[in-house]
$ cat structure29.cif   # mmCIF, C-alpha atoms
data_entry
#
loop_
_atom_site.label_atom_id
_atom_site.label_comp_id
_atom_site.auth_asym_id
_atom_site.auth_seq_id
_atom_site.Cartn_x
_atom_site.Cartn_y
_atom_site.Cartn_z
CA MET A 1 31.34 3.83 -31.49
CA ILE A 2 28.02 2.14 -32.25
CA LEU A 3 29.00 -0.75 -30.01
CA ALA A 4 29.81 1.61 -27.15
CA PHE A 5 26.48 3.41 -27.60
CA THR A 6 24.61 0.09 -27.68
CA LEU A 7 26.36 -1.15 -24.54
CA ALA A 8 25.59 2.12 -22.75
CA LEU A 9 21.95 1.89 -23.79
CA VAL A 10 21.67 -1.71 -22.59
CA ALA A 11 23.37 -0.87 -19.29
CA SER A 12 21.00 2.03 -18.65
CA THR A 13 18.00 -0.17 -19.48
CA VAL A 14 19.19 -2.92 -17.14
CA SER A 15 19.67 -0.45 -14.28
CA ALA A 16 16.30 1.26 -14.86
CA LYS A 17 14.05 1.09 -11.85
CA PRO A 18 10.53 -0.26 -12.16
CA PRO A 19 7.71 2.16 -11.34
CA LEU A 20 6.99 2.23 -7.60
CA ARG A 21 3.63 0.59 -8.25
CA GLU A 22 5.59 -2.51 -9.31
CA VAL A 23 7.66 -2.67 -6.12
CA PRO A 24 5.67 -5.02 -3.86
CA GLU A 25 7.41 -3.82 -0.70
CA ILE A 26 6.14 -0.29 -1.37
CA ASP A 27 2.84 -0.78 -3.20
CA GLY A 28 1.72 -3.73 -1.10
CA THR A 29 2.37 -1.87 2.12
CA ILE A 30 0.38 1.15 0.98
CA LEU A 31 -2.45 -1.19 -0.02
CA ALA A 32 -2.35 -2.87 3.42
CA VAL A 33 -2.57 0.51 5.15
CA GLY A 34 -5.55 1.43 2.97
CA ILE A 35 -7.33 -1.83 3.76
CA ALA A 36 -6.71 -1.43 7.50
CA ASP A 37 -7.95 2.15 7.36
CA GLU A 38 -11.16 1.13 5.59
CA ILE A 39 -11.80 -1.60 8.17
CA ARG A 40 -11.29 0.76 11.11
CA LYS A 41 -13.51 3.45 9.57
CA ASN A 42 -16.36 0.96 9.14
CA CYS A 43 -16.12 -1.10 12.32
CA PRO A 44 -16.72 0.61 15.65
CA ASP A 45 -15.12 -2.31 17.52
CA ILE A 46 -11.74 -1.84 15.82
CA SER A 47 -9.37 1.10 15.78
CA ALA A 48 -6.07 1.86 14.14
CA ARG A 49 -2.67 1.58 15.68
CA LEU A 50 -2.02 5.12 14.47
CA ILE A 51 1.57 5.43 15.62
CA ARG A 52 2.42 2.15 13.92
CA ALA A 53 0.62 3.20 10.71
CA VAL A 54 2.40 6.56 10.60
CA SER A 55 5.71 4.83 11.29
CA VAL A 56 5.09 2.32 8.48
CA LEU A 57 4.20 5.06 6.00
CA ASN A 58 7.17 7.20 6.99
CA GLY A 59 9.45 4.19 6.65
CA LEU A 60 8.29 3.61 3.09
CA LYS A 61 9.93 6.81 1.91
CA GLY A 62 13.22 5.67 3.39
CA THR A 63 12.81 2.26 1.80
CA ALA A 64 12.11 3.81 -1.59
CA ARG A 65 15.18 6.04 -1.24
CA LYS A 66 17.32 3.00 -0.42
CA LEU A 67 16.01 1.38 -3.60
CA GLY A 68 17.26 4.39 -5.56
CA TYR A 69 14.09 6.44 -5.99
CA SER A 70 14.30 10.21 -5.71
CA ASP A 71 12.02 12.34 -3.54
CA ALA A 72 10.41 13.62 -6.76
CA GLU A 73 9.65 10.07 -7.93
CA ILE A 74 8.27 9.13 -4.52
CA ASP A 75 6.09 12.23 -4.32
CA ALA A 76 4.81 11.76 -7.87
CA TYR A 77 3.71 8.22 -6.99
CA ARG A 78 2.25 9.26 -3.64
CA LYS A 79 0.26 12.18 -5.09
CA SER A 80 -0.86 10.51 -8.32
CA ASP A 81 -4.63 10.45 -8.75
CA VAL A 82 -4.23 7.47 -11.08
CA GLU A 83 -2.32 5.49 -8.44
CA LYS A 84 -4.79 6.49 -5.71
CA ALA A 85 -7.69 5.27 -7.84
CA ARG A 86 -5.88 2.02 -8.68
CA LEU A 87 -5.07 1.32 -5.02
CA LYS A 88 -8.65 2.12 -3.99
CA ALA A 89 -9.95 -0.34 -6.59
CA GLU A 90 -7.51 -3.01 -5.35
CA ARG A 91 -8.55 -2.29 -1.75
CA ASP A 92 -12.22 -2.59 -2.63
CA GLN A 93 -11.60 -5.84 -4.50
CA TYR A 94 -9.72 -7.27 -1.52
CA LEU A 95 -12.60 -6.35 0.77
CA ARG A 96 -15.20 -7.89 -1.58
CA ASP A 97 -13.13 -11.06 -1.96
CA ALA A 98 -12.98 -11.27 1.84
CA GLY A 99 -16.77 -11.10 2.11
CA VAL A 100 -17.15 -7.46 3.09
CA ARG A 101 -20.37 -5.79 1.99
CA ALA A 102 -20.47 -2.00 1.75
CA GLY A 103 -22.46 -0.56 4.63
CA ALA A 104 -22.50 -3.83 6.59
CA GLN A 105 -20.42 -3.11 9.70
CA ASP A 106 -20.46 -6.72 10.83
CA THR A 107 -18.61 -7.80 7.68
CA TYR A 108 -15.87 -5.19 8.23
CA CYS A 109 -15.58 -6.24 11.87
CA ALA A 110 -15.39 -9.92 10.95
CA LEU A 111 -12.59 -9.25 8.48
CA GLY A 112 -10.82 -7.01 10.98
CA ARG A 113 -10.85 -9.75 13.61
CA VAL A 114 -9.49 -12.26 11.09
CA GLU A 115 -6.72 -9.88 10.05
CA ILE A 116 -5.78 -9.13 13.67
CA GLU A 117 -5.67 -12.86 14.48
CA LYS A 118 -3.51 -13.55 11.42
CA GLY A 119 -1.05 -10.92 12.64
CA GLY A 120 -0.05 -9.97 9.13
CA GLN A 121 0.59 -6.56 7.68
CA ILE A 122 -3.07 -5.47 7.83
CA GLY A 123 -3.81 -6.91 11.26
CA ALA A 124 -0.69 -5.34 12.78
CA LEU A 125 -2.19 -1.93 11.99
CA LEU A 126 -5.45 -2.68 13.83
CA ARG A 127 -6.55 -3.35 17.39
CA MET A 128 -9.78 -4.32 19.09
CA ASN A 129 -11.33 -1.55 21.19
#
$ encode --input "structure29.cif" --output "structure tokens"
Amino acid sequence: MILAFTLALVASTVSAKPPLREVPEIDGTILAVGIADEIRKNCPDISARLIRAVSVLNGLKGTARKLGYSDAEIDAYRKSDVEKARLKAERDQYLRDAGVRAGAQDTYCALGRVEIEKGGQIGALLRMN
């Protein structure tokens, strides 16, 4: 009986999902969208590919569901003030590390151009006006 209980406990622990913040495919994508949004808000020469951004964000819910997360778990992560603050801090750190200075449009534009040229996750969400 104790052995069965122990095996059940181990099996449930092994199958436990990590918090969504620890799933790079989800958390990293949300961070990329936040970085792209901050660039486009601070650089008049760059705008968002809004349809693509909305599509990416909508796709994340489907991805999270496929990974076994419930709508309640997804919504709790998405609406969490703690997670929003953490992602904002990570976004701001990324921008600082990339040479962006708050209030200096030219630094946002320079980073935006680099991201667009790289064609990565952030750049794919932006376009030159």
$ resolve_selection --input "structure29.cif" --expression "the PyMOL selection byres ((chain A and resi 127) around 6)" --output "list in words"
Ile46, Ser47, Leu126 and Met128 of chain A
$ write_last_selection --input "structure29.cif" --atoms "C-alpha atoms" --output "PDB file, keeping the file's coordinate frame"
ATOM      1  CA  ILE A  46     -11.740  -1.840  15.820  1.00  0.00           C
ATOM      2  CA  SER A  47      -9.370   1.100  15.780  1.00  0.00           C
ATOM      3  CA  LEU A 126      -5.450  -2.680  13.830  1.00  0.00           C
ATOM      4  CA  MET A 128      -9.780  -4.320  19.090  1.00  0.00           C
TER       5      MET A 128
END
$ resolve_selection --input "structure29.cif" --expression "the PyMOL selection byres ((chain A and resi 115) around 12)" --output "ChimeraX atom specification"
/A:32,35-36,39-40,46,95,98,108-114,116-128
$ closest_residue --input "structure29.cif" --among "A:Glu38, A:Glu73, A:Asp81, A:Glu25" --to "Leu57 of chain A" --atoms "only C-alpha atoms"
A:Glu25
$ closest_residue --input "structure29.cif" --among "A:Gly99, A:Gly34, A:Gly28, A:Pro44" --to "Leu60 of chain A" --atoms "only C-alpha atoms"
A:Gly28
$ closest_residue --input "structure29.cif" --among "A:Asp106, A:Asp37, A:Asp75, A:Glu83" --to "Leu50 of chain A" --atoms "only C-alpha atoms"
A:Asp37
$ closest_residue --input "structure29.cif" --among "A:Ile30, A:Val100, A:Ala48, A:Ala72" --to "Arg86 of chain A" --atoms "only C-alpha atoms"
A:Ile30
$ atom_distance --input "structure29.cif" --atom1 "atom CA of Lys88 of chain A" --atom2 "atom CA of Asn42 of chain A"
15.3 Å
$ atom_distance --input "structure29.cif" --atom1 "atom CA of Ala102 of chain A" --atom2 "atom CA of Leu31 of chain A"
18.1 Å
$ atom_distance --input "structure29.cif" --atom1 "atom CA of Arg49 of chain A" --atom2 "atom CA of Asp27 of chain A"
19.8 Å
